[in-house]
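Source file: entry_5.cif. Holds: mmCIF, C-alpha atoms and all ligand atoms.
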```
data_coords
loop_
_atom_site.label_atom_id
_atom_site.label_comp_id
_atom_site.auth_asym_id
_atom_site.auth_seq_id
_atom_site.Cartn_x
_atom_site.Cartn_y
_atom_site.Cartn_z
CA MET A 1 -123.07 17.05 47.10
CA SER A 2 -125.15 16.30 44.07
CA GLN A 3 -125.58 13.42 41.70
CA ALA A 4 -123.58 15.44 39.16
CA SER A 5 -120.59 15.91 41.46
CA ASN A 6 -120.80 12.23 42.24
CA ASP A 7 -120.33 11.43 38.56
CA LEU A 8 -117.35 13.78 38.28
CA ARG A 9 -115.64 12.20 41.26
CA LEU A 10 -115.88 8.77 39.66
CA ALA A 11 -115.10 9.97 36.14
CA ASP A 12 -111.40 9.34 36.08
CA PHE A 13 -110.94 5.94 37.63
CA GLN A 14 -109.23 3.69 35.11
CA ALA A 15 -108.17 0.83 37.39
CA ILE A 16 -109.46 -1.11 40.37
CA PRO A 17 -107.48 -0.61 43.61
CA VAL A 18 -105.97 -3.57 45.49
CA ILE A 19 -106.39 -3.59 49.29
CA ASP A 20 -104.71 -5.96 51.75
CA ILE A 21 -107.21 -6.43 54.58
CA GLY A 22 -104.92 -8.59 56.76
CA ASP A 23 -104.78 -5.94 59.51
CA LEU A 24 -108.57 -5.64 59.55
CA LEU A 25 -108.76 -9.30 60.50
CA SER A 26 -105.99 -9.42 63.09
CA GLY A 27 -104.62 -5.94 63.81
CA ASP A 28 -105.24 -3.58 66.71
CA LEU A 29 -107.79 -0.76 66.41
CA ASN A 30 -105.32 1.66 64.82
CA ALA A 31 -104.28 -0.92 62.24
CA ARG A 32 -107.94 -1.70 61.52
CA LYS A 33 -108.66 2.00 61.10
CA ALA A 34 -105.81 2.30 58.60
CA VAL A 35 -107.38 -0.47 56.46
CA ALA A 36 -110.81 1.13 56.92
CA GLU A 37 -109.46 4.36 55.49
CA GLN A 38 -108.44 2.55 52.33
CA LEU A 39 -111.82 0.81 52.18
CA GLY A 40 -113.54 4.19 52.47
CA ARG A 41 -111.45 5.71 49.69
CA ALA A 42 -112.16 2.80 47.34
CA ALA A 43 -115.88 2.83 48.24
CA ARG A 44 -116.13 6.56 47.53
CA GLU A 45 -113.90 6.82 44.46
CA VAL A 46 -114.52 3.51 42.66
CA GLY A 47 -117.10 1.38 44.47
CA PHE A 48 -114.88 -1.65 43.71
CA PHE A 49 -111.60 -3.11 44.93
CA GLN A 50 -109.60 -6.32 44.82
CA MET A 51 -109.27 -7.72 48.32
CA VAL A 52 -106.08 -9.63 49.21
CA GLY A 53 -104.93 -10.84 52.65
CA HIS A 54 -108.45 -12.17 53.28
CA GLY A 55 -107.11 -15.39 54.80
CA ILE A 56 -109.54 -17.70 52.98
CA ASN A 57 -107.64 -20.93 52.48
CA PRO A 58 -106.97 -21.72 48.78
CA SER A 59 -108.29 -25.24 49.46
CA LEU A 60 -111.72 -23.77 50.29
CA ARG A 61 -111.66 -21.84 47.02
CA GLN A 62 -110.71 -24.98 45.10
CA GLY A 63 -113.33 -27.08 46.89
CA LEU A 64 -116.07 -24.66 45.87
CA ILE A 65 -114.90 -24.57 42.24
CA ASN A 66 -114.67 -28.37 42.07
CA GLN A 67 -118.19 -28.84 43.42
CA ALA A 68 -119.62 -26.23 41.05
CA LYS A 69 -118.03 -28.06 38.10
CA ARG A 70 -119.51 -31.35 39.28
CA PHE A 71 -122.96 -29.83 39.77
CA PHE A 72 -123.15 -28.12 36.37
CA ALA A 73 -121.75 -31.18 34.55
CA GLN A 74 -124.89 -33.14 35.50
CA PRO A 75 -127.69 -33.70 32.98
CA THR A 76 -130.28 -30.93 32.77
CA GLU A 77 -133.02 -33.18 34.21
CA THR A 78 -130.92 -33.79 37.33
CA LYS A 79 -130.19 -30.09 37.78
CA MET A 80 -133.89 -29.33 37.25
CA GLU A 81 -134.73 -31.52 40.27
CA ARG A 82 -133.65 -28.45 42.23
CA TYR A 83 -135.22 -25.88 39.85
CA ILE A 84 -135.57 -22.54 41.64
CA GLY A 85 -139.23 -22.32 40.58
CA LEU A 86 -140.02 -25.34 42.80
CA TYR A 87 -139.32 -23.38 45.98
CA HIS A 88 -140.81 -20.42 47.79
CA HIS A 89 -137.69 -18.80 49.17
CA HIS A 90 -135.61 -18.33 46.04
CA ARG A 91 -133.06 -21.14 46.21
CA GLY A 92 -131.95 -23.73 43.72
CA TYR A 93 -130.99 -24.19 40.09
CA VAL A 94 -131.36 -21.28 37.66
CA PRO A 95 -131.29 -22.55 34.05
CA PRO A 96 -129.93 -20.40 31.16
CA GLY A 97 -132.36 -17.63 30.18
CA GLU A 98 -134.27 -17.72 33.50
CA GLU A 99 -132.75 -14.49 34.77
CA SER A 100 -132.14 -11.10 33.16
CA PRO A 101 -132.33 -7.46 34.23
CA ASP A 102 -133.78 -6.90 30.74
CA PRO A 103 -136.43 -9.53 29.83
CA ASN A 104 -135.67 -9.05 26.10
CA ASN A 105 -132.00 -9.78 26.55
CA PRO A 106 -131.61 -12.88 28.77
CA ASP A 107 -128.29 -13.71 30.40
CA MET A 108 -126.48 -16.75 28.95
CA LYS A 109 -125.53 -18.32 32.25
CA GLU A 110 -126.77 -20.95 34.66
CA ALA A 111 -126.53 -20.80 38.43
CA PHE A 112 -127.14 -22.60 41.67
CA ASP A 113 -128.37 -20.23 44.37
CA LEU A 114 -128.10 -20.84 48.07
CA ALA A 115 -128.09 -18.52 51.04
CA PHE A 116 -127.80 -18.21 54.81
CA GLU A 117 -129.06 -21.49 56.19
CA LEU A 118 -132.12 -21.09 58.44
CA PRO A 119 -134.15 -24.01 59.80
CA SER A 120 -137.77 -24.31 58.74
CA ASP A 121 -138.91 -23.69 62.34
CA ASP A 122 -137.18 -20.30 62.56
CA PRO A 123 -139.88 -17.72 63.47
CA ASP A 124 -139.17 -15.59 60.37
CA VAL A 125 -139.38 -18.68 58.15
CA LEU A 126 -142.61 -19.79 59.83
CA ALA A 127 -143.95 -16.27 59.22
CA GLY A 128 -143.31 -16.79 55.49
CA THR A 129 -140.67 -14.04 55.16
CA ALA A 130 -139.49 -13.98 51.56
CA LEU A 131 -135.97 -15.26 50.78
CA LEU A 132 -135.41 -16.99 54.16
CA GLY A 133 -135.22 -20.72 54.89
CA PRO A 134 -133.16 -23.89 54.49
CA ASN A 135 -131.02 -24.63 51.42
CA PRO A 136 -132.25 -27.30 48.97
CA TRP A 137 -128.88 -29.07 48.75
CA PRO A 138 -128.48 -31.19 45.61
CA ALA A 139 -128.41 -34.98 46.02
CA LEU A 140 -124.74 -34.97 45.03
CA GLU A 141 -122.47 -36.85 47.42
CA GLY A 142 -119.73 -34.59 48.82
CA PHE A 143 -121.23 -31.31 47.53
CA ARG A 144 -122.62 -29.74 50.67
CA GLN A 145 -119.62 -29.71 53.03
CA PRO A 146 -117.09 -27.83 50.86
CA VAL A 147 -119.69 -25.37 49.59
CA ALA A 148 -120.96 -24.63 53.11
CA ALA A 149 -117.37 -24.31 54.36
CA TYR A 150 -116.61 -21.67 51.72
CA TYR A 151 -119.83 -19.85 52.59
CA ASP A 152 -118.90 -19.70 56.27
CA ALA A 153 -115.36 -18.48 55.60
CA ALA A 154 -116.43 -15.76 53.14
CA TYR A 155 -119.29 -14.73 55.43
CA GLN A 156 -116.84 -14.16 58.31
CA VAL A 157 -114.62 -12.01 56.08
CA GLY A 158 -117.80 -10.13 55.14
CA ARG A 159 -118.51 -9.40 58.80
CA ALA A 160 -115.01 -7.94 59.21
CA LEU A 161 -115.52 -5.78 56.09
CA MET A 162 -118.87 -4.58 57.44
CA GLY A 163 -116.99 -3.41 60.54
CA GLY A 164 -114.39 -1.71 58.33
CA PHE A 165 -117.04 0.14 56.32
CA ALA A 166 -118.65 1.35 59.57
CA LEU A 167 -115.25 2.70 60.71
CA ALA A 168 -114.82 4.36 57.31
CA LEU A 169 -118.10 6.19 57.90
CA GLY A 170 -117.02 7.35 61.38
CA HIS A 171 -118.93 4.75 63.42
CA GLU A 172 -117.99 1.86 65.66
CA GLU A 173 -117.34 -1.45 63.94
CA SER A 174 -120.51 -2.91 65.41
CA HIS A 175 -122.75 -0.19 63.96
CA PHE A 176 -124.09 -2.07 60.92
CA LEU A 177 -123.39 -5.53 62.35
CA HIS A 178 -126.29 -5.10 64.78
CA HIS A 179 -128.41 -5.58 61.68
CA VAL A 180 -126.69 -8.77 60.52
CA THR A 181 -128.05 -11.75 62.48
CA LYS A 182 -129.82 -13.92 59.86
CA PRO A 183 -129.43 -12.02 56.62
CA PRO A 184 -130.72 -13.21 53.22
CA SER A 185 -127.06 -13.28 52.08
CA GLN A 186 -126.92 -15.34 48.95
CA LEU A 187 -123.99 -17.34 47.56
CA ARG A 188 -124.41 -17.99 43.85
CA LEU A 189 -122.50 -20.64 41.94
CA ILE A 190 -122.52 -19.23 38.41
CA HIS A 191 -121.45 -21.00 35.22
CA TYR A 192 -120.88 -19.07 32.02
CA PRO A 193 -120.54 -21.73 29.31
CA TYR A 194 -117.93 -21.50 26.58
CA ASN A 195 -119.40 -19.32 23.87
CA PRO A 196 -117.76 -19.08 20.43
CA ASP A 197 -119.74 -15.87 19.68
CA ALA A 198 -118.50 -14.27 22.88
CA GLU A 199 -117.71 -10.88 21.32
CA ASP A 200 -121.39 -10.07 21.02
CA ALA A 201 -122.81 -12.18 23.78
CA GLN A 202 -123.91 -10.93 27.14
CA GLY A 203 -122.74 -12.99 30.11
CA ILE A 204 -124.61 -10.96 32.67
CA GLY A 205 -126.26 -7.60 31.95
CA ALA A 206 -125.23 -4.28 33.53
CA HIS A 207 -126.56 -3.90 37.06
CA THR A 208 -125.77 -2.88 40.62
CA ASP A 209 -125.91 -5.41 43.45
CA TYR A 210 -128.85 -5.02 45.81
CA GLU A 211 -127.26 -5.75 49.19
CA CYS A 212 -124.60 -4.02 51.33
CA PHE A 213 -121.61 -5.26 49.35
CA THR A 214 -120.47 -8.32 47.40
CA LEU A 215 -117.44 -10.59 47.75
CA LEU A 216 -116.83 -12.21 44.38
CA LEU A 217 -114.58 -15.14 43.54
CA PRO A 218 -114.14 -15.41 39.74
CA THR A 219 -112.18 -18.07 37.86
CA ALA A 220 -111.39 -16.04 34.75
CA PRO A 221 -111.46 -12.43 33.45
CA GLY A 222 -114.67 -10.97 32.04
CA LEU A 223 -115.93 -8.59 34.72
CA GLU A 224 -116.17 -4.92 33.75
CA VAL A 225 -117.17 -1.92 35.84
CA MET A 226 -118.52 1.44 34.74
CA ASN A 227 -116.66 4.60 35.73
CA GLY A 228 -118.30 8.00 36.11
CA ALA A 229 -117.71 8.82 32.44
CA GLY A 230 -119.70 5.75 31.43
CA GLU A 231 -116.60 3.84 30.24
CA TRP A 232 -116.26 0.11 30.95
CA ILE A 233 -113.09 -0.72 32.93
CA ASP A 234 -111.76 -4.31 33.11
CA VAL A 235 -111.24 -6.01 36.47
CA PRO A 236 -108.01 -7.99 35.97
CA PHE A 237 -108.21 -11.60 37.15
CA ARG A 238 -106.20 -12.53 40.26
CA ASP A 239 -106.57 -15.93 41.86
CA ASP A 240 -105.46 -14.64 45.27
CA ALA A 241 -108.07 -11.90 45.42
CA LEU A 242 -111.78 -11.58 45.98
CA VAL A 243 -113.40 -8.70 44.15
CA VAL A 244 -115.46 -6.51 46.49
CA ASN A 245 -118.05 -4.00 45.36
CA ILE A 246 -120.47 -1.69 47.11
CA GLY A 247 -124.16 -2.54 46.78
CA ASP A 248 -127.34 -0.49 47.00
CA MET A 249 -127.73 -0.65 50.81
CA LEU A 250 -124.33 0.91 51.60
CA GLU A 251 -124.94 3.55 48.92
CA ILE A 252 -128.16 4.51 50.75
CA TRP A 253 -126.72 4.28 54.29
CA SER A 254 -123.81 6.52 53.22
CA ASN A 255 -126.22 8.94 51.47
CA GLY A 256 -124.36 8.36 48.22
CA GLU A 257 -120.80 8.77 49.55
CA PHE A 258 -120.23 5.10 48.75
CA VAL A 259 -121.25 4.14 45.24
CA ALA A 260 -122.98 0.98 44.07
CA THR A 261 -120.97 0.75 40.88
CA SER A 262 -122.61 -0.76 37.81
CA HIS A 263 -120.88 -3.79 36.40
CA ARG A 264 -121.40 -6.52 33.82
CA VAL A 265 -119.74 -9.64 32.44
CA ARG A 266 -118.70 -9.56 28.80
CA LYS A 267 -116.26 -11.31 26.48
CA VAL A 268 -116.81 -14.77 27.90
CA LYS A 269 -114.51 -16.52 25.45
CA GLU A 270 -113.62 -19.32 27.82
CA GLU A 271 -115.67 -21.36 30.21
CA ARG A 272 -116.01 -19.31 33.35
CA TYR A 273 -117.34 -19.81 36.86
CA SER A 274 -117.93 -17.11 39.43
CA PHE A 275 -119.11 -17.11 43.03
CA PRO A 276 -120.58 -13.91 44.42
CA LEU A 277 -121.51 -13.79 48.09
CA PHE A 278 -123.95 -10.91 48.47
CA PHE A 279 -123.48 -9.61 51.99
CA ALA A 280 -126.90 -8.41 53.16
CA CYS A 281 -128.38 -7.08 56.38
CA ASP A 282 -131.44 -8.63 58.04
CA TYR A 283 -134.66 -8.66 56.00
CA HIS A 284 -136.53 -6.21 58.22
CA THR A 285 -133.73 -3.63 58.50
CA VAL A 286 -134.90 -0.17 57.46
CA VAL A 287 -131.96 1.43 55.67
CA ALA A 288 -131.90 5.23 55.58
CA PRO A 289 -129.06 7.72 55.06
CA LEU A 290 -127.03 8.19 58.27
CA PRO A 291 -128.35 11.36 60.00
CA GLU A 292 -124.96 13.08 60.29
CA LEU A 293 -124.36 12.62 56.57
CA VAL A 294 -127.79 14.06 55.73
CA LYS A 295 -126.83 17.06 57.84
CA ARG A 296 -123.44 17.40 56.18
CA HIS A 297 -124.84 17.00 52.65
CA GLY A 298 -127.82 19.29 53.29
CA GLN A 299 -130.39 16.67 52.31
CA ALA A 300 -131.17 12.95 52.17
CA PHE A 301 -130.65 11.73 48.62
CA TYR A 302 -132.63 8.51 49.21
CA PRO A 303 -135.90 7.66 50.95
CA PRO A 304 -135.70 4.90 53.60
CA LEU A 305 -136.04 1.36 52.28
CA LYS A 306 -136.61 -2.00 53.93
CA ALA A 307 -133.52 -4.01 52.94
CA GLY A 308 -135.24 -7.35 52.34
CA ASP A 309 -138.11 -5.78 50.44
CA HIS A 310 -135.64 -4.07 48.10
CA LEU A 311 -133.80 -7.32 47.46
CA TYR A 312 -137.05 -9.24 46.95
CA ALA A 313 -138.51 -6.56 44.66
CA GLN A 314 -135.40 -6.50 42.45
CA THR A 315 -135.37 -10.30 42.37
CA ILE A 316 -139.05 -10.49 41.35
CA GLN A 317 -138.36 -8.12 38.47
CA THR A 318 -135.40 -10.09 37.11
CA PHE A 319 -136.43 -13.79 37.28
CA ASN A 320 -138.96 -15.28 34.87
CA TYR A 321 -140.55 -17.67 37.37
CA LEU A 322 -141.18 -14.76 39.74
CA ARG A 323 -142.47 -12.45 36.98
CA GLU A 324 -144.92 -15.24 36.14
CA ARG A 325 -146.01 -15.67 39.77
CA LEU A 326 -146.50 -11.90 39.90
CA ALA A 327 -148.57 -11.91 36.70
CA ARG A 328 -150.73 -14.74 38.12
CA GLY A 329 -151.30 -12.71 41.30
CA GLU A 330 -149.61 -15.35 43.50
CA ILE A 331 -147.11 -12.84 44.86
CA ALA A 332 -147.02 -9.04 45.06
CA LEU A 333 -144.22 -6.49 44.75
CA PRO A 334 -143.38 -5.07 48.20
CA ASP A 335 -144.58 -1.49 48.80
CA GLY A 336 -142.21 1.20 47.53
CA ALA A 337 -140.31 -1.20 45.23
CA ARG A 338 -137.73 0.62 43.11
CA GLU A 339 -137.36 0.04 39.41
CA VAL A 340 -134.43 -2.23 38.49
CA GLY A 341 -131.19 -0.32 37.83
CA SER A 342 -132.24 2.92 39.53
CA LEU A 343 -129.06 3.18 41.66
CA GLY A 344 -125.35 3.41 40.79
CA GLN A 345 -123.93 5.12 37.70
CA HIS A 346 -126.17 3.03 35.50
CA GLY A 347 -129.17 4.71 37.15
CA LYS A 348 -127.54 8.11 36.90
CA HIS A 349 -126.79 7.73 33.21
CA LYS A 350 -130.39 6.63 32.69
CA GLU A 351 -131.58 9.85 34.36
CA THR A 352 -129.70 12.04 31.87
CA PRO A 353 -130.82 10.96 28.40
O1 LIG B 401 -119.52 -13.19 37.30
C1 LIG B 401 -119.10 -12.12 37.69
O2 LIG B 401 -117.91 -11.80 37.61
C2 LIG B 401 -120.03 -11.09 38.28
C3 LIG B 401 -121.37 -11.63 38.68
C4 LIG B 401 -122.25 -10.52 39.18
O3 LIG B 401 -122.00 -9.38 39.00
C5 LIG B 401 -123.48 -10.84 39.92
O4 LIG B 401 -123.87 -12.02 39.96
O5 LIG B 401 -124.10 -9.91 40.49
FE FE B 402 -123.19 -8.12 40.33
#
```

For this file, produce the structure as structure tokens.
Ligand SMILES: O=C(O)CCC(=O)C(=O)O
Ligand SMILES: [Fe+2]
Amino acid sequence: MSQASNDLRLADFQAIPVIDIGDLLSGDLNARKAVAEQLGRAAREVGFFQMVGHGINPSLRQGLINQAKRFFAQPTETKMERYIGLYHHHRGYVPPGEESPDPNNPDMKEAFDLAFELPSDDPDVLAGTALLGPNPWPALEGFRQPVAAYYDAAYQVGRALMGGFALALGHEESHFLHHVTKPPSQLRLIHYPYNPDAEDAQGIGAHTDYECFTLLLPTAPGLEVMNGAGEWIDVPFRDDALVVNIGDMLEIWSNGEFVATSHRVRKVKEERYSFPLFFACDYHTVVAPLPELVKRHGQAFYPPLKAGDHLYAQTIQTFNYLRERLARGEIALPDGAREVGSLGQHGKHKETP
């Protein structure tokens, strides 16, 4: 297999498959394997799918959306009380313009970032491991419970998917889950404001996600994904589905069989919220192509990478407050950090000018 054949395989997808994962959550092993086969096909041929039958109660979805609306409706000074630049483990409020894969083209969105809750006396937190720690919950009565409840429900579906992806790669369901005990899995509450100039505006720039995979809850259309021919394909909005896409870590583990598909948000003509949960493995996990796939493909297409370092390195390169800390010498890029956008079709198209 080569990068070129990879592109050809993805070239003709024009739509995003829909997969009912109900049997993965409650079926017997054969039923789970049947879902896993569909997951594997989508991961190899598209890198994206719409997941239905996930069992997340619509009231949890609505609770999350309601709390996000309340949070973002607050005055800027109140939101800035939880400014992400006040913390050392990358949590909190991200104002418009703070984040962008391309520093000359900032995203027009705001966000509130939280992640897997770890107490401040956890050994990895005490050791100062980047990205780990407690969440700086806003002082907004009634916010925490519904947001945390959504996190927990989506995280459990993520664990089932992780098992399904392992099956799809010929392993036991527990294979990758051994590496998921206190992952830096982030839930972002994102607000794309109404923008009358939407045709030309960028909601969020083209990128791949840095973790294993992402479960995304959007409230409106706007998400586009890049096929192997470099065309942007719309992800239709469905309020019963979560959008799932492969991230960098599963691309590496699968030696490129699964593709971290580039995506972006455009055409934000209406106010839009979205809630990605980036399903990660533990910070210290060294992710390398599975040996049997290296053998089958004749070579490893990726060097090994420490999962948390990759996530932290990409984050440093895309947030202003971290770029500034880097420039002041307060933090350093982890060893072997990859350039932003070096994986997925976006990376491949970059390689061929
Ligand atoms: O808002 C969306 O639909 C996608 C957001 C996204 O791709 C991301 O935050 O990585
Ligand atoms: Fe993304």

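Closest approach to Pro184 (chain A) among A:Ser120, A:Thr129, A:Ser274, A:Asn57 is made by A:Thr129 (distances from all atoms listed in the file).
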
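Pairwise distance (CA of Leu25 (chain A), CA of Pro218 (chain A)) equals 22.3 Å.
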
Interface rows for region 22-117 of chain A against region 167-179 of chain A: nearest pair, Å to one decimal, 12 Å, only C-alpha atoms, as a tab-separated table:
```
residue	atom	partner	partner_atom	distance
A:Leu24	CA	A:Glu173	CA	10.7
A:Leu29	CA	A:Glu173	CA	9.9
A:Asn30	CA	A:Leu167	CA	10.8
A:Ala31	CA	A:Leu167	CA	11.7
A:Arg32	CA	A:Leu167	CA	8.6
A:Lys33	CA	A:Leu167	CA	6.6
A:Ala34	CA	A:Ala168	CA	9.3
A:Val35	CA	A:Ala168	CA	8.9
A:Ala36	CA	A:Ala168	CA	5.2
A:Glu37	CA	A:Ala168	CA	5.7
A:Gln38	CA	A:Ala168	CA	8.3
A:Leu39	CA	A:Ala168	CA	6.9
A:Gly40	CA	A:Ala168	CA	5.0
A:Arg41	CA	A:Ala168	CA	8.4
A:Ala42	CA	A:Ala168	CA	10.4
A:Ala43	CA	A:Ala168	CA	9.3
A:Arg44	CA	A:Ala168	CA	10.1
```

List the neighbours of Asp209 (chain A) out to 12 Å using all atoms listed in the file; skip same-chain residues closer than 2 positions along the sequence, and give me the result as a PyMOL selection string.
chain A and resi 47-48+101+185-186+205-207+211-216+244-251+259-264+276-280+310-311+314-315+340-344+346

Report, in Å with one decimal, the straight-line distance from CA of Arg266 (chain A) to CA of Lys109 (chain A).
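Going from CA of Arg266 (chain A) over to CA of Lys109 (chain A) covers 11.6 Å.
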
Please indicate the distance in Å from CA of Glu99 (chain A) to atom O3 of ligand LIG 401 (chain B), rounded to one decimal place.
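Interatomic distance here is 12.6 Å.
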
Of the candidates A:Ile84, A:Cys281, A:Leu118, A:Leu189, which shows the shortest atom-to-atom distance to Leu132 (chain A), using all atoms listed in the file?
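Ranking A:Ile84, A:Cys281, A:Leu118, A:Leu189 by distance to Leu132 (chain A), first place goes to A:Leu118.
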
Could you check which of A:Met162, A:Ala241, A:Leu187, A:Val235 is closest to Val52 (chain A), using only C-alpha atoms?
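Closest to Val52 (chain A), using only C-alpha atoms: A:Ala241.
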
Considering all atoms listed in the file, state which residue in the set A:Ile16, A:Ala111, A:Ala127, A:Met51 is at the smallest distance from Ile204 (chain A).
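Ranking A:Ile16, A:Ala111, A:Ala127, A:Met51 by distance to Ile204 (chain A), first place goes to A:Ala111.
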
Grab all the atoms of ligand LIG 401 (chain B) that the file lists, wrap them in a box along x, y and z, add 4 Å per side, and give me centre plus edge lengths in Å (one decimal) as AutoDock Vina command-line options.
```
--center_x -121.0 --center_y -11.3 --center_z 38.9 --size_x 14.2 --size_y 11.8 --size_z 11.2
```

Missing atoms in region 177-192 of chain A should be modelled up to N, CA and C atoms and reported as an mmCIF file, in the coordinates of the input.
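Below is the file that was written, result-v7.cif:
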```cif
data_model
loop_
_atom_site.group_PDB
_atom_site.id
_atom_site.type_symbol
_atom_site.label_atom_id
_atom_site.label_comp_id
_atom_site.auth_asym_id
_atom_site.auth_seq_id
_atom_site.Cartn_x
_atom_site.Cartn_y
_atom_site.Cartn_z
ATOM 1 N N LEU A 177 -123.308 -4.096 62.029
ATOM 2 C CA LEU A 177 -123.390 -5.530 62.350
ATOM 3 C C LEU A 177 -124.549 -5.865 63.277
ATOM 4 N N HIS A 178 -125.064 -4.857 63.997
ATOM 5 C CA HIS A 178 -126.290 -5.100 64.780
ATOM 6 C C HIS A 178 -127.418 -5.589 63.890
ATOM 7 N N HIS A 179 -127.341 -5.237 62.624
ATOM 8 C CA HIS A 179 -128.410 -5.580 61.680
ATOM 9 C C HIS A 179 -128.079 -6.818 60.851
ATOM 10 N N VAL A 180 -127.070 -7.570 61.285
ATOM 11 C CA VAL A 180 -126.690 -8.770 60.520
ATOM 12 C C VAL A 180 -126.748 -9.976 61.452
ATOM 13 N N THR A 181 -127.928 -10.566 61.620
ATOM 14 C CA THR A 181 -128.050 -11.750 62.480
ATOM 15 C C THR A 181 -128.492 -12.983 61.690
ATOM 16 N N LYS A 182 -129.449 -12.816 60.759
ATOM 17 C CA LYS A 182 -129.820 -13.920 59.860
ATOM 18 C C LYS A 182 -130.210 -13.330 58.513
ATOM 19 N N PRO A 183 -129.186 -12.786 57.849
ATOM 20 C CA PRO A 183 -129.430 -12.020 56.620
ATOM 21 C C PRO A 183 -129.729 -12.920 55.416
ATOM 22 N N PRO A 184 -130.516 -12.449 54.466
ATOM 23 C CA PRO A 184 -130.720 -13.210 53.220
ATOM 24 C C PRO A 184 -129.499 -13.060 52.294
ATOM 25 N N SER A 185 -128.320 -13.417 52.841
ATOM 26 C CA SER A 185 -127.060 -13.280 52.080
ATOM 27 C C SER A 185 -126.881 -14.486 51.196
ATOM 28 N N GLN A 186 -126.900 -14.253 49.912
ATOM 29 C CA GLN A 186 -126.920 -15.340 48.950
ATOM 30 C C GLN A 186 -125.511 -15.629 48.433
ATOM 31 N N LEU A 187 -125.187 -16.921 48.312
ATOM 32 C CA LEU A 187 -123.990 -17.340 47.560
ATOM 33 C C LEU A 187 -124.487 -17.955 46.271
ATOM 34 N N ARG A 188 -124.026 -17.424 45.144
ATOM 35 C CA ARG A 188 -124.410 -17.990 43.850
ATOM 36 C C ARG A 188 -123.218 -18.730 43.248
ATOM 37 N N LEU A 189 -123.485 -19.914 42.738
ATOM 38 C CA LEU A 189 -122.500 -20.640 41.940
ATOM 39 C C LEU A 189 -122.921 -20.374 40.499
ATOM 40 N N ILE A 190 -122.116 -19.624 39.764
ATOM 41 C CA ILE A 190 -122.520 -19.230 38.410
ATOM 42 C C ILE A 190 -121.603 -19.884 37.387
ATOM 43 N N HIS A 191 -122.203 -20.377 36.318
ATOM 44 C CA HIS A 191 -121.450 -21.000 35.220
ATOM 45 C C HIS A 191 -121.769 -20.281 33.923
ATOM 46 N N TYR A 192 -120.742 -19.683 33.340
ATOM 47 C CA TYR A 192 -120.880 -19.070 32.020
ATOM 48 C C TYR A 192 -120.275 -20.052 31.031
#
```
